[in-house]
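**Q** One file: protein33.tsv (TSV, C-alpha atoms).
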```tsv
chain	number	residue	atom	x	y	z
A	30	MET	CA	35.56	107.55	79.75
A	31	SER	CA	38.14	107.34	77.01
A	32	THR	CA	41.83	107.74	77.70
A	33	PHE	CA	44.04	109.82	75.44
A	34	VAL	CA	46.41	107.52	73.59
A	35	PRO	CA	49.62	109.32	72.62
A	36	PRO	CA	51.14	108.59	69.18
A	37	THR	CA	54.18	106.91	70.73
A	38	PHE	CA	55.86	105.59	67.60
A	39	GLU	CA	55.79	109.02	66.01
A	40	ILE	CA	57.10	110.63	69.19
A	41	LEU	CA	59.83	108.00	69.51
A	42	SER	CA	60.83	108.48	65.86
A	43	GLN	CA	60.97	112.25	66.30
A	44	VAL	CA	63.22	111.98	69.36
A	45	LEU	CA	65.57	109.55	67.59
A	46	GLU	CA	65.68	111.77	64.52
A	47	GLU	CA	65.98	115.21	66.12
A	48	LYS	CA	68.04	114.42	69.16
A	49	PHE	CA	70.24	111.59	67.98
A	50	GLY	CA	70.39	112.22	64.23
A	51	VAL	CA	68.99	108.82	63.29
A	52	LEU	CA	67.64	108.77	59.72
A	53	ARG	CA	63.91	108.06	59.41
A	54	ASP	CA	64.62	105.24	56.97
A	55	ASP	CA	66.65	103.47	59.66
A	56	ILE	CA	63.86	103.58	62.25
A	57	LYS	CA	62.29	100.22	61.49
A	58	PRO	CA	60.97	97.68	63.99
A	59	ASP	CA	63.79	95.20	63.39
A	60	THR	CA	66.63	97.74	63.45
A	61	VAL	CA	69.12	96.79	66.18
A	62	LEU	CA	69.65	99.80	68.44
A	63	GLU	CA	73.44	99.62	68.55
A	64	ASP	CA	73.48	99.57	64.72
A	65	ILE	CA	72.04	103.10	64.77
A	66	GLU	CA	74.67	104.01	67.37
A	67	LEU	CA	72.35	104.05	70.35
A	68	ASP	CA	74.61	102.89	73.18
A	69	SER	CA	73.44	102.26	76.74
A	70	LEU	CA	73.80	105.91	77.77
A	71	ALA	CA	71.96	107.10	74.66
A	72	LEU	CA	69.06	104.77	75.48
A	73	ILE	CA	68.77	106.29	78.94
A	74	GLU	CA	68.79	109.74	77.33
A	75	VAL	CA	66.03	108.63	74.95
A	76	ALA	CA	64.03	107.28	77.91
A	77	LEU	CA	64.46	110.50	79.90
A	78	THR	CA	63.37	112.64	76.94
A	79	LEU	CA	60.31	110.45	76.35
A	80	GLN	CA	59.47	110.43	80.05
A	81	LYS	CA	59.35	114.20	79.98
A	82	GLN	CA	57.29	114.36	76.78
A	83	LEU	CA	54.83	111.63	77.73
A	84	GLY	CA	54.80	112.15	81.48
A	85	VAL	CA	55.39	108.46	82.21
A	86	VAL	CA	58.17	106.45	83.84
A	87	ILE	CA	60.11	104.19	81.47
A	88	PRO	CA	62.02	101.40	83.27
A	89	THR	CA	65.55	102.17	82.02
A	90	GLU	CA	66.98	98.95	83.55
A	91	ASP	CA	65.06	97.07	80.84
A	92	LEU	CA	66.82	98.94	78.02
A	93	ASN	CA	69.51	97.12	76.11
A	94	SER	CA	71.38	98.31	73.04
A	95	SER	CA	71.38	94.78	71.59
A	96	GLY	CA	67.57	95.05	71.40
A	97	THR	CA	65.59	96.44	68.49
A	98	VAL	CA	63.55	99.55	67.79
A	99	SER	CA	60.52	97.31	68.30
A	100	ASP	CA	61.69	96.35	71.82
A	101	LEU	CA	62.18	100.00	72.66
A	102	PHE	CA	58.77	100.87	71.22
A	103	ASP	CA	57.09	98.12	73.27
A	104	LEU	CA	58.70	99.41	76.44
A	105	VAL	CA	57.60	102.97	75.75
A	106	ASN	CA	54.14	101.82	74.80
A	107	THR	CA	53.69	99.73	77.93
A	108	ALA	CA	54.88	102.64	80.06
A	109	ALA	CA	52.46	104.97	78.25
A	110	GLY	CA	49.60	102.60	78.99
A	111	ASN	CA	48.93	101.62	75.38
A	112	ALA	CA	49.73	97.94	75.82
B	6	MET	CA	67.41	134.42	110.82
B	7	THR	CA	71.08	134.72	109.92
B	8	ALA	CA	72.01	133.66	106.41
B	9	ALA	CA	75.32	132.21	105.24
B	10	VAL	CA	76.76	134.45	102.51
B	11	ILE	CA	79.60	133.62	100.11
B	12	SER	CA	82.30	136.27	100.63
B	13	GLY	CA	85.31	134.69	98.90
B	14	ILE	CA	86.21	131.98	96.41
B	15	GLY	CA	89.39	130.19	95.37
B	16	ALA	CA	90.58	127.07	93.58
B	17	TRP	CA	93.71	125.10	92.90
B	18	LEU	CA	94.62	122.35	90.45
B	19	PRO	CA	97.77	120.23	90.63
B	20	PRO	CA	100.08	121.11	87.71
B	21	ASP	CA	100.18	117.65	86.07
B	22	VAL	CA	97.69	117.84	83.17
B	23	VAL	CA	96.69	114.53	81.59
B	24	GLY	CA	95.05	114.58	78.16
B	25	ASN	CA	92.87	111.86	76.65
B	26	ASP	CA	95.72	110.86	74.33
B	27	ASP	CA	98.00	110.36	77.35
B	28	LEU	CA	95.44	107.91	78.76
B	29	ALA	CA	95.05	106.18	75.39
B	30	ALA	CA	98.80	105.55	75.42
B	31	ARG	CA	98.56	103.56	78.66
B	32	MET	CA	95.18	101.79	78.38
B	33	ASP	CA	92.70	100.59	75.78
B	34	THR	CA	90.73	103.79	75.13
B	35	SER	CA	90.70	106.73	72.72
B	36	ASP	CA	90.22	110.48	72.75
B	37	GLU	CA	87.06	110.09	70.69
B	38	TRP	CA	85.56	107.46	73.04
B	39	ILE	CA	86.23	109.57	76.13
B	40	ARG	CA	84.94	112.82	74.60
B	41	THR	CA	81.70	111.41	73.17
B	42	ARG	CA	80.91	109.43	76.33
B	43	THR	CA	81.86	112.04	78.92
B	44	GLY	CA	82.75	115.41	77.36
B	45	ILE	CA	86.13	115.34	79.14
B	46	ARG	CA	89.33	116.47	77.34
B	47	THR	CA	91.86	116.89	80.14
B	48	ARG	CA	92.15	116.34	83.89
B	49	HIS	CA	94.79	117.13	86.52
B	50	PHE	CA	96.46	114.45	88.63
B	51	VAL	CA	98.40	114.84	91.88
B	52	SER	CA	102.01	113.70	91.93
B	53	ALA	CA	103.60	111.65	94.71
B	54	GLY	CA	103.81	113.60	97.97
B	55	MET	CA	100.81	115.78	97.14
B	56	PRO	CA	98.06	114.82	99.60
B	57	THR	CA	94.51	116.20	99.67
B	58	SER	CA	95.43	118.57	102.53
B	59	LEU	CA	97.92	120.35	100.26
B	60	LEU	CA	95.33	120.85	97.51
B	61	ALA	CA	92.76	121.98	100.09
B	62	ALA	CA	95.12	124.48	101.69
B	63	GLU	CA	96.09	125.98	98.32
B	64	ALA	CA	92.42	126.52	97.40
B	65	GLY	CA	91.57	127.63	100.94
B	66	ALA	CA	94.33	130.28	100.96
B	67	ARG	CA	92.99	131.71	97.71
B	68	ALA	CA	89.43	131.83	99.08
B	69	LEU	CA	90.66	133.65	102.22
B	70	LEU	CA	92.51	136.18	100.02
B	71	SER	CA	89.38	136.67	97.93
B	72	ALA	CA	87.33	137.24	101.10
B	73	GLY	CA	89.98	139.67	102.39
B	74	THR	CA	90.45	137.81	105.68
B	75	ALA	CA	93.25	135.72	107.17
B	76	ASP	CA	91.06	134.25	109.88
B	77	VAL	CA	87.85	132.20	110.06
B	78	ASP	CA	86.06	130.52	112.96
B	79	ALA	CA	86.05	127.01	111.46
B	80	VAL	CA	87.29	124.90	108.55
B	81	VAL	CA	84.97	122.32	106.97
B	82	LEU	CA	86.45	119.99	104.36
B	83	ALA	CA	84.42	117.85	101.98
B	84	THR	CA	86.52	114.99	100.65
B	85	THR	CA	86.34	111.35	99.61
B	86	THR	CA	90.13	111.04	99.70
B	87	PRO	CA	91.34	112.10	103.17
B	88	ASP	CA	95.11	112.11	103.75
B	89	ARG	CA	94.63	109.09	106.06
B	90	PRO	CA	91.69	106.90	107.18
B	91	CYS	CA	92.22	108.48	110.62
B	92	PRO	CA	92.35	111.31	111.67
B	93	ALA	CA	90.28	113.76	109.62
B	94	THR	CA	92.20	115.92	107.14
B	95	ALA	CA	90.66	119.32	107.98
B	96	PRO	CA	92.83	119.94	111.09
B	97	GLU	CA	95.94	119.54	108.92
B	98	VAL	CA	94.43	121.91	106.36
B	99	ALA	CA	93.78	124.43	109.15
B	100	ARG	CA	97.39	124.03	110.33
B	101	ARG	CA	98.72	124.65	106.82
B	102	LEU	CA	96.62	127.84	106.71
B	103	GLY	CA	97.84	129.13	110.09
B	104	LEU	CA	94.46	128.38	111.64
B	105	THR	CA	95.64	125.86	114.28
B	106	GLY	CA	93.22	125.92	117.21
B	107	ARG	CA	90.12	126.51	115.11
B	108	PRO	CA	87.51	123.75	114.87
B	109	ALA	CA	88.13	121.71	111.74
B	110	PHE	CA	86.47	118.54	110.49
B	111	ASP	CA	85.71	116.50	107.38
B	112	VAL	CA	82.35	115.86	105.75
B	113	SER	CA	81.95	112.76	103.61
B	114	ALA	CA	79.24	112.64	100.93
B	115	VAL	CA	81.36	111.93	97.86
B	116	CYS	CA	80.23	114.12	94.92
B	117	THR	CA	77.52	115.84	96.99
B	118	GLY	CA	80.10	116.52	99.72
B	119	PHE	CA	80.47	120.23	99.03
B	120	LEU	CA	76.72	120.86	99.38
B	121	TYR	CA	76.67	118.84	102.63
B	122	ALA	CA	79.66	120.86	103.89
B	123	LEU	CA	77.94	124.14	102.97
B	124	THR	CA	74.90	123.01	104.97
B	125	THR	CA	77.02	122.22	108.01
B	126	ALA	CA	78.85	125.54	107.81
B	127	ALA	CA	75.60	127.48	107.27
B	128	GLY	CA	74.21	125.74	110.36
B	129	MET	CA	77.22	126.86	112.43
B	130	ILE	CA	76.63	130.42	111.25
B	131	ALA	CA	72.86	130.28	111.89
B	132	SER	CA	73.40	128.92	115.42
B	133	GLY	CA	75.95	131.62	116.27
B	134	ALA	CA	78.79	129.10	116.63
B	135	ALA	CA	80.72	130.88	113.87
B	136	GLU	CA	80.76	134.21	112.04
B	137	GLN	CA	82.95	133.03	109.16
B	138	VAL	CA	83.64	129.50	107.93
B	139	LEU	CA	86.06	128.26	105.28
B	140	VAL	CA	84.37	125.48	103.27
B	141	ILE	CA	86.61	123.44	100.98
B	142	GLY	CA	85.98	120.59	98.55
B	143	ALA	CA	89.24	118.79	97.78
B	144	GLU	CA	90.08	115.48	96.16
B	145	ALA	CA	93.09	113.45	95.17
B	146	PHE	CA	90.61	111.11	93.49
B	147	SER	CA	93.20	109.57	91.18
B	148	THR	CA	94.57	107.77	94.27
B	149	LEU	CA	91.38	105.62	94.37
B	150	ILE	CA	91.44	104.63	90.72
B	151	ASP	CA	92.55	101.24	89.40
B	152	PRO	CA	95.23	102.04	86.79
B	153	GLN	CA	93.70	99.31	84.59
B	154	ASP	CA	90.11	100.63	84.84
B	155	ARG	CA	89.32	102.21	81.48
B	156	SER	CA	85.84	103.38	82.50
B	157	SER	CA	86.45	105.20	85.82
B	158	GLY	CA	90.11	105.81	84.95
B	159	VAL	CA	89.26	108.32	82.25
B	160	VAL	CA	86.54	110.19	84.17
B	161	PHE	CA	88.10	111.41	87.39
B	162	GLY	CA	90.54	114.17	88.19
B	163	ASP	CA	92.11	115.90	91.20
B	164	GLY	CA	91.74	119.45	92.49
B	165	ALA	CA	90.28	121.70	95.16
B	166	GLY	CA	87.87	124.61	95.39
B	167	ALA	CA	86.82	126.68	98.39
B	168	VAL	CA	84.50	129.43	99.55
B	169	VAL	CA	84.39	131.59	102.65
B	170	LEU	CA	80.92	131.91	104.18
B	171	ARG	CA	80.11	134.84	106.48
B	172	ALA	CA	77.04	135.72	108.53
B	173	GLY	CA	74.65	137.95	106.60
B	174	GLU	CA	71.08	138.70	105.60
B	175	PRO	CA	68.76	136.30	103.78
B	176	GLY	CA	68.26	137.36	100.18
B	177	GLU	CA	71.41	139.49	99.90
B	178	PRO	CA	73.75	138.62	97.00
B	179	GLY	CA	75.74	135.50	97.93
B	180	ALA	CA	73.25	134.33	100.57
B	181	LEU	CA	72.65	130.58	100.26
B	182	GLY	CA	69.01	129.64	99.88
B	183	ARG	CA	67.60	126.53	101.51
B	184	ILE	CA	69.95	123.63	100.82
B	185	VAL	CA	67.87	120.60	99.88
B	186	LEU	CA	69.64	117.31	100.61
B	187	GLY	CA	68.81	113.61	100.37
B	188	SER	CA	70.29	110.12	100.53
B	189	ASP	CA	69.53	106.46	99.71
B	190	GLY	CA	71.80	103.84	101.26
B	191	SER	CA	70.28	101.07	99.14
B	192	LEU	CA	72.30	102.52	96.25
B	193	ALA	CA	75.66	102.22	98.06
B	194	ASP	CA	76.99	99.70	95.53
B	195	LEU	CA	76.53	102.08	92.57
B	196	ILE	CA	79.53	104.22	93.54
B	197	THR	CA	81.95	102.56	95.94
B	198	VAL	CA	85.37	101.44	97.15
B	199	ARG	CA	84.50	98.04	98.64
B	200	ALA	CA	87.55	97.35	100.78
B	201	GLY	CA	89.54	99.48	103.20
B	202	GLY	CA	86.71	100.29	105.62
B	203	SER	CA	85.47	98.44	108.72
B	204	GLU	CA	83.24	96.13	106.65
B	205	GLN	CA	86.23	94.73	104.75
B	206	PRO	CA	89.46	96.17	106.20
B	207	ARG	CA	91.49	94.24	103.62
B	208	PRO	CA	90.06	92.54	100.53
B	209	HIS	CA	88.64	89.14	101.58
B	210	PRO	CA	90.72	86.11	100.57
B	211	GLY	CA	89.69	85.29	97.03
B	212	ALA	CA	88.01	88.68	96.62
B	213	ASP	CA	88.48	90.67	93.45
B	214	PRO	CA	91.76	92.63	93.80
B	215	ALA	CA	89.84	95.53	92.28
B	216	ASP	CA	87.86	95.78	95.56
B	217	ARG	CA	90.47	98.14	96.93
B	218	TYR	CA	89.79	100.53	94.07
B	219	PHE	CA	86.88	102.77	93.17
B	220	SER	CA	84.07	101.27	91.08
B	221	MET	CA	80.97	102.80	89.55
B	222	ARG	CA	77.95	101.36	87.73
B	223	GLY	CA	77.82	104.26	85.29
B	224	ARG	CA	74.65	103.46	83.45
B	225	GLU	CA	72.57	103.15	86.62
B	226	VAL	CA	74.20	106.24	88.08
B	227	PHE	CA	73.19	108.20	84.97
B	228	GLY	CA	69.44	107.69	85.49
B	229	HIS	CA	69.49	108.33	89.25
B	230	ALA	CA	71.74	111.38	88.85
B	231	VAL	CA	69.45	113.05	86.32
B	232	ALA	CA	66.31	112.30	88.35
B	233	ARG	CA	67.72	113.43	91.72
B	234	MET	CA	69.55	116.53	90.46
B	235	THR	CA	66.42	117.64	88.62
B	236	GLU	CA	64.16	117.01	91.60
B	237	SER	CA	66.56	118.74	94.04
B	238	ALA	CA	66.98	121.75	91.76
B	239	ARG	CA	63.20	122.08	91.50
B	240	ALA	CA	62.84	121.86	95.29
B	241	ALA	CA	65.57	124.46	95.87
B	242	LEU	CA	63.90	126.77	93.33
B	243	ALA	CA	60.53	126.33	95.03
B	244	HIS	CA	62.07	127.64	98.29
B	245	THR	CA	63.37	130.79	96.56
B	246	GLY	CA	60.20	131.33	94.53
B	247	TRP	CA	62.15	131.31	91.24
B	248	GLN	CA	60.95	129.50	88.14
B	249	PRO	CA	63.42	127.36	86.18
B	250	ASP	CA	63.42	130.04	83.46
B	251	ASP	CA	64.67	132.60	86.02
B	252	VAL	CA	67.90	130.63	86.42
B	253	ASP	CA	70.89	132.25	84.69
B	254	ARG	CA	73.41	129.49	85.48
B	255	LEU	CA	73.05	125.89	86.59
B	256	VAL	CA	76.24	124.66	88.22
B	257	GLY	CA	75.71	120.91	88.33
B	258	HIS	CA	78.18	118.41	89.71
B	259	GLN	CA	80.63	117.98	86.82
B	260	ALA	CA	80.36	114.21	86.33
B	261	ASN	CA	79.41	113.86	82.70
B	262	LEU	CA	78.38	116.35	80.01
B	263	ARG	CA	75.50	114.14	78.94
B	264	ILE	CA	74.09	114.04	82.49
B	265	LEU	CA	74.23	117.85	82.66
B	266	HIS	CA	72.49	118.15	79.28
B	267	ALA	CA	69.78	115.72	80.40
B	268	VAL	CA	69.19	117.70	83.61
B	269	ALA	CA	68.90	120.93	81.58
B	270	GLU	CA	66.36	119.25	79.32
B	271	GLN	CA	64.29	118.01	82.26
B	272	LEU	CA	64.28	121.57	83.68
B	273	ASP	CA	63.53	123.19	80.27
B	274	LEU	CA	66.77	125.12	80.63
B	275	PRO	CA	68.78	126.04	77.50
B	276	VAL	CA	72.18	124.28	77.59
B	277	GLU	CA	73.86	127.68	77.26
B	278	ARG	CA	72.94	128.26	80.91
B	279	LEU	CA	74.98	125.29	82.09
B	280	VAL	CA	78.36	126.02	83.60
B	281	ILE	CA	80.71	123.48	82.00
B	282	HIS	CA	84.11	122.86	83.56
B	283	LEU	CA	84.48	119.07	83.30
B	284	ASP	CA	86.02	119.30	79.82
B	285	ARG	CA	89.14	120.71	81.52
B	286	VAL	CA	89.21	118.90	84.86
B	287	GLY	CA	87.04	115.77	84.63
B	288	ASN	CA	84.96	114.65	87.57
B	289	THR	CA	86.63	115.97	90.73
B	290	ALA	CA	83.95	114.63	93.13
B	291	ALA	CA	83.54	116.94	96.16
B	292	ALA	CA	85.77	119.58	94.54
B	293	SER	CA	83.72	119.81	91.38
B	294	ILE	CA	81.16	122.47	92.28
B	295	PRO	CA	83.55	124.97	93.93
B	296	LEU	CA	86.08	124.41	91.10
B	297	ALA	CA	83.36	125.10	88.50
B	298	LEU	CA	82.18	128.18	90.43
B	299	ALA	CA	85.72	129.54	90.71
B	300	HIS	CA	86.40	128.96	87.01
B	301	ALA	CA	83.10	130.57	85.95
B	302	HIS	CA	83.81	133.52	88.25
B	303	GLU	CA	87.34	133.97	86.89
B	304	THR	CA	86.27	133.79	83.26
B	305	GLY	CA	83.27	136.11	83.70
B	306	ASP	CA	80.77	133.36	82.87
B	307	LEU	CA	79.31	134.02	86.32
B	308	THR	CA	78.64	137.70	86.99
B	309	PRO	CA	77.29	139.52	90.06
B	310	GLY	CA	73.50	139.36	90.14
B	311	ALA	CA	73.26	136.09	88.21
B	312	ARG	CA	70.71	133.67	89.60
B	313	VAL	CA	72.55	130.43	90.20
B	314	VAL	CA	71.44	126.91	91.09
B	315	LEU	CA	73.93	124.36	92.46
B	316	ALA	CA	72.97	120.68	92.16
B	317	ALA	CA	74.80	117.43	92.80
B	318	PHE	CA	74.42	113.66	92.94
B	319	GLY	CA	77.02	111.30	94.30
B	320	GLY	CA	77.97	108.13	96.11
B	321	GLY	CA	75.88	107.08	99.05
B	322	ALA	CA	73.74	107.73	97.16
B	323	THR	CA	73.51	111.37	98.16
B	324	TRP	CA	72.11	114.39	96.37
B	325	GLY	CA	71.27	118.03	96.93
B	326	ALA	CA	70.74	121.52	95.53
B	327	THR	CA	70.54	125.15	96.52
B	328	ALA	CA	70.03	128.53	94.86
B	329	LEU	CA	71.65	131.91	95.31
B	330	THR	CA	72.26	135.24	93.63
B	331	TRP	CA	75.92	135.44	92.67
B	332	PRO	CA	77.75	138.14	94.70
B	333	ALA	CA	80.49	140.58	93.70
B	334	LEU	CA	83.71	138.84	94.78
B	335	LYS	CA	87.37	139.72	94.53
B	336	SER	CA	89.53	137.34	92.57
B	337	ALA	CA	92.30	135.72	94.59
```
Just give me the structure as structure tokens.
**A**
Amino acid sequence: MSTFVPPTFEILSQVLEEKFGVLRDDIKPDTVLEDIELDSLALIEVALTLQKQLGVVIPTEDLNSSGTVSDLFDLVNTAAGNA
Amino acid sequence: MTAAVISGIGAWLPPDVVGNDDLAARMDTSDEWIRTRTGIRTRHFVSAGMPTSLLAAEAGARALLSAGTADVDAVVLATTTPDRPCPATAPEVARRLGLTGRPAFDVSAVCTGFLYALTTAAGMIASGAAEQVLVIGAEAFSTLIDPQDRSSGVVFGDGAGAVVLRAGEPGEPGALGRIVLGSDGSLADLITVRAGGSEQPRPHPGADPADRYFSMRGREVFGHAVARMTESARAALAHTGWQPDDVDRLVGHQANLRILHAVAEQLDLPVERLVIHLDRVGNTAAASIPLALAHAHETGDLTPGARVVLAAFGGGATWGATALTWPALKSA
């Protein structure tokens, strides 16, 4: 039985773009989150929005604004079961 | 089954208004930082000689006027900042209102305190112990804040709000639906004043002097608050049989604009249906929900027949929610 694999990077990019006004060009794996003005509260908001869209629990205590888009993506991906 | 029905509402704020720029003048912060992080523009602070009982009595008197009664069978006060560690503050509030002799007691559940107090009062009405109860949320929260704390120092404010509950019929306008409550003591450190209680009557030698002041781990609170307020609101709605889309106004505990927006998102509720009062008064802990209700009632944001959900999360941790149809009330 195959499991549906959600397009997490696209969903993550959409949330960052639509909800937080981050430009697509800035959403690169090595972009540091605080450089695109995602502070600790914003990261929790991102996690909550993704949790609702993907129906998974993202461990917000592991989020850090000194991390990168890639770190955030890995966290979302692991939570979504795509690891 | 007898229901508890809201029959009057009132609020009072101490006159001293403190803007973000006033705070920026005395600590390292800015109007822009406070607004983008919290949504707060102003808050009211008590002055010396203005204890919680005074705020509570001012709001309580207005709620009694709105209900058209001078007498109630009990006074229940939700507060985190009693006049003294002992005794409770509610008897003094009752005295100030000419209600000496009536049962009066405090309920302590920090920012969920008003919902806990409503539950207690509704229980007194359901059991026949009271026909009418004055329920007040009042805080002089600024008295707990470290003047040097630029995170909590900009968030909190002082004030009081009150409702009169009377015995009535389930489902009539103003009748409180099931009040869903919860707690988790393992989260006690998230929102706390460490010293001053029996665990640490005075700060331990060598302890952080800040232990005598309020502290909050804001980022962790954010996640728990959104999850618990959303879950409680859903549970309260399930008891009434309403869908989230049936809700005209969500009156969430006014802690942070971004928390309220996140709760609305989780519930698929347009942000226009949020009652927002924190921009004017900050986080007033147990006073926040009745203050927001009174303001929305006064300004016409809340009209008779509106389907309303109340939801809160606070220290303890504690949380809760209920739903009701807003009644026609007189303004005090």
**Q** Pick from B:Ala269, B:Ala68, B:Val10, B:Ile141: nearest to chain A, with all atoms listed in the file counted?
**A** B:Ala269
**Q** Could you name the residues that touch B:Lys335 at 8 Å or less, counting only C-alpha atoms, but leaving out those on the same chain fewer than 4 positions away, as a list of chain:residue names?
**A**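 Result of the neighbour search: B:Gly13, B:Ser71, B:Ala72.
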**Q** Please check which residues have atoms at most 8 Å from (87.2, 121.6, 111.5) in the file's coordinates, counting all atoms listed in the file, and write them as a list in words.
**A** Ala79, Val80, Val81, Leu82, Ala95, Pro96, Ala99, Arg107, Pro108, Ala109, Phe110 and Asp111 of chain B
**Q** What lies within 7 Å of stretch 227-230 of chain B using all atoms listed in the file, ignoring chain neighbours under 2 positions off, as a list in words?
**A** Ile73 of chain A; Gly223, Arg224, Glu225, Ala232, Arg233, Met234, Ile264 and Phe318 of chain B
**Q** Rounded to one decimal place, report the atom CA of B:Thr330-atom CA of B:Asp284 distance in Å.
**A**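 Rounded to one decimal, the two atoms are 25.2 Å apart.
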**Q** Using all atoms listed in the file, determine which residues of chain A fall within 12 Å of chain B; present them as an MDAnalysis selection string.
**A** chainID A and resid 48 66:82 84 86:93
**Q** Identify which of the residues B:Ser188, B:Thr57, B:Gln248, B:Thr47 lies closest to B:Asp88, counting all atoms listed in the file when measuring atom-to-atom distances.
**A** B:Thr57
**Q** State, in Å with one decimal place, the distance from atom CA of B:Asn25 to atom CA of B:Asn288.
**A**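 Atom-to-atom, atom CA of B:Asn25 and atom CA of B:Asn288 are spaced 13.8 Å apart.
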**Q** Take atom CA of B:Asp26 and atom CA of B:Leu283 and report the distance between them in Å, one decimal.
**A**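 Between atom CA of B:Asp26 and atom CA of B:Leu283 the gap is 16.6 Å.
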**Q** Edge lengths and centre in Å to one decimal, as JSON, of the axis-aligned box that encloses all listed atoms of stretch 250-256 of chain B with 8 Å added on every side?
**A**
```
{"center_x": 69.8, "center_y": 128.6, "center_z": 85.8, "size_x": 28.8, "size_y": 23.9, "size_z": 20.8}
```
**Q** Quick one: of B:Glu236, B:Asp163, B:Glu174, B:Asp216, who's nearest to B:Ala8, counting all atoms listed in the file?
**A**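 The answer is B:Glu174, which sits nearest to B:Ala8.
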